[in-house]
Amino acid sequence: DVSVALPHNLDVVAGFDISKHVATSEYRHFVASNGSPIAQQTHFDQTGVSAGVRYSLLGRGRAISRYAFIPRRVVPYAGGGVSLRRYSLTQYGQFVDAVTLGVFTDSFLSDGWVMGPYLRGGVDLHVWRPVFLTMDGRYTWQHGALSSDFTGFDGIDLAGFHASTGFTFVF
């Protein structure tokens, strides 16, 4: 995240995040004709950009001049905004046909863009001069459509809670 401080304890915040997850799975009740497990691999990648505001609940610190202040040791904040997210869901491997119970190899792909609001809260802990340890929690509401490869499914729920920890440098 990158933010710009505004008057009255407000910050304008822009952010970027990437997440990738790979999971391997097997059918428990079916095996291939050679007796080996029927296995699949699922890849789920997300990339997001966000923009919003952040409000320091107790203020950032005490102003001692127009351009200087003494920072608070603990700065809790809350905020919200909007997130634009690109997602890609890929499953490949062996699958079982629900009608014939035959085993086939295939790959399924769905990707797209979604937009949705988010709320956030967290705390900045003053570590040393311009350095703060930041702990942030964010809940985003997003839901994406699935491609025709996933016929019969309602879509993909991209909503959820994300926690992060990092360092903030104040200039």
# chains A, B, ... in the order shown; residues from 1 in each chain; ligands from 1
$ select_by_dssp --residues "chain A" --states "strand (DSSP E or B)" --output "NGL selection string"
:A and (2-5 or 10-31 or 37-56 or 61-63 or 69-71 or 74-96 or 103-128 or 131-140 or 143-144 or 156-157 or 160-169)
$ residues_around --residues "A:Ala32" --least-positions-apart "5" --cutoff "8 Å" --atoms "only C-alpha atoms" --output "list in words"
Pro37, Ile38 and Val103 of chain A
$ closest_residue --among "A:Asp157, A:Asp45, A:Asp97, A:Asp1" --to "A:His21" --atoms "only C-alpha atoms"
A:Asp45
$ residues_around --residues "A:Ala78" --least-positions-apart "6" --cutoff "6 Å" --atoms "only C-alpha atoms" --output "JSON, numbers by chain"
{"A": [54, 55, 120, 121]}
$ closest_residue --among "A:Val82, A:His8, A:Ser3, A:Phe30" --to "A:Gly102" --atoms "only C-alpha atoms"
A:Phe30
$ atom_distance --atom1 "atom CA of A:Leu133" --atom2 "atom CA of A:Arg85"
26.3 Å
$ residues_around --residues "A:Thr24" --least-positions-apart "6" --cutoff "8 Å" --atoms "only C-alpha atoms" --output "list in words"
Ala39, Gln40, Gln41 and Thr42 of chain A
$ write_last_selection --atoms "N, CA and C atoms" --output "short mmCIF file (atom, residue, chain, number, x, y, z; two decimals), in the first residue's frame"
data_model
loop_
_atom_site.label_atom_id
_atom_site.label_comp_id
_atom_site.auth_asym_id
_atom_site.auth_seq_id
_atom_site.Cartn_x
_atom_site.Cartn_y
_atom_site.Cartn_z
N ALA A 39 -6.24 -38.29 -9.93
CA ALA A 39 -5.70 -37.08 -9.30
C ALA A 39 -5.94 -35.84 -10.16
N GLN A 40 -6.10 -34.72 -9.49
CA GLN A 40 -6.24 -33.42 -10.14
C GLN A 40 -5.34 -32.41 -9.43
N GLN A 41 -5.09 -31.32 -10.14
CA GLN A 41 -4.37 -30.21 -9.53
C GLN A 41 -5.16 -28.94 -9.81
N THR A 42 -5.32 -28.11 -8.78
CA THR A 42 -6.06 -26.86 -8.90
C THR A 42 -5.12 -25.70 -8.65
#
$ closest_residue --among "A:Val123, A:Val12, A:Ala51, A:Leu58" --to "A:Ser83" --atoms "only C-alpha atoms"
A:Ala51
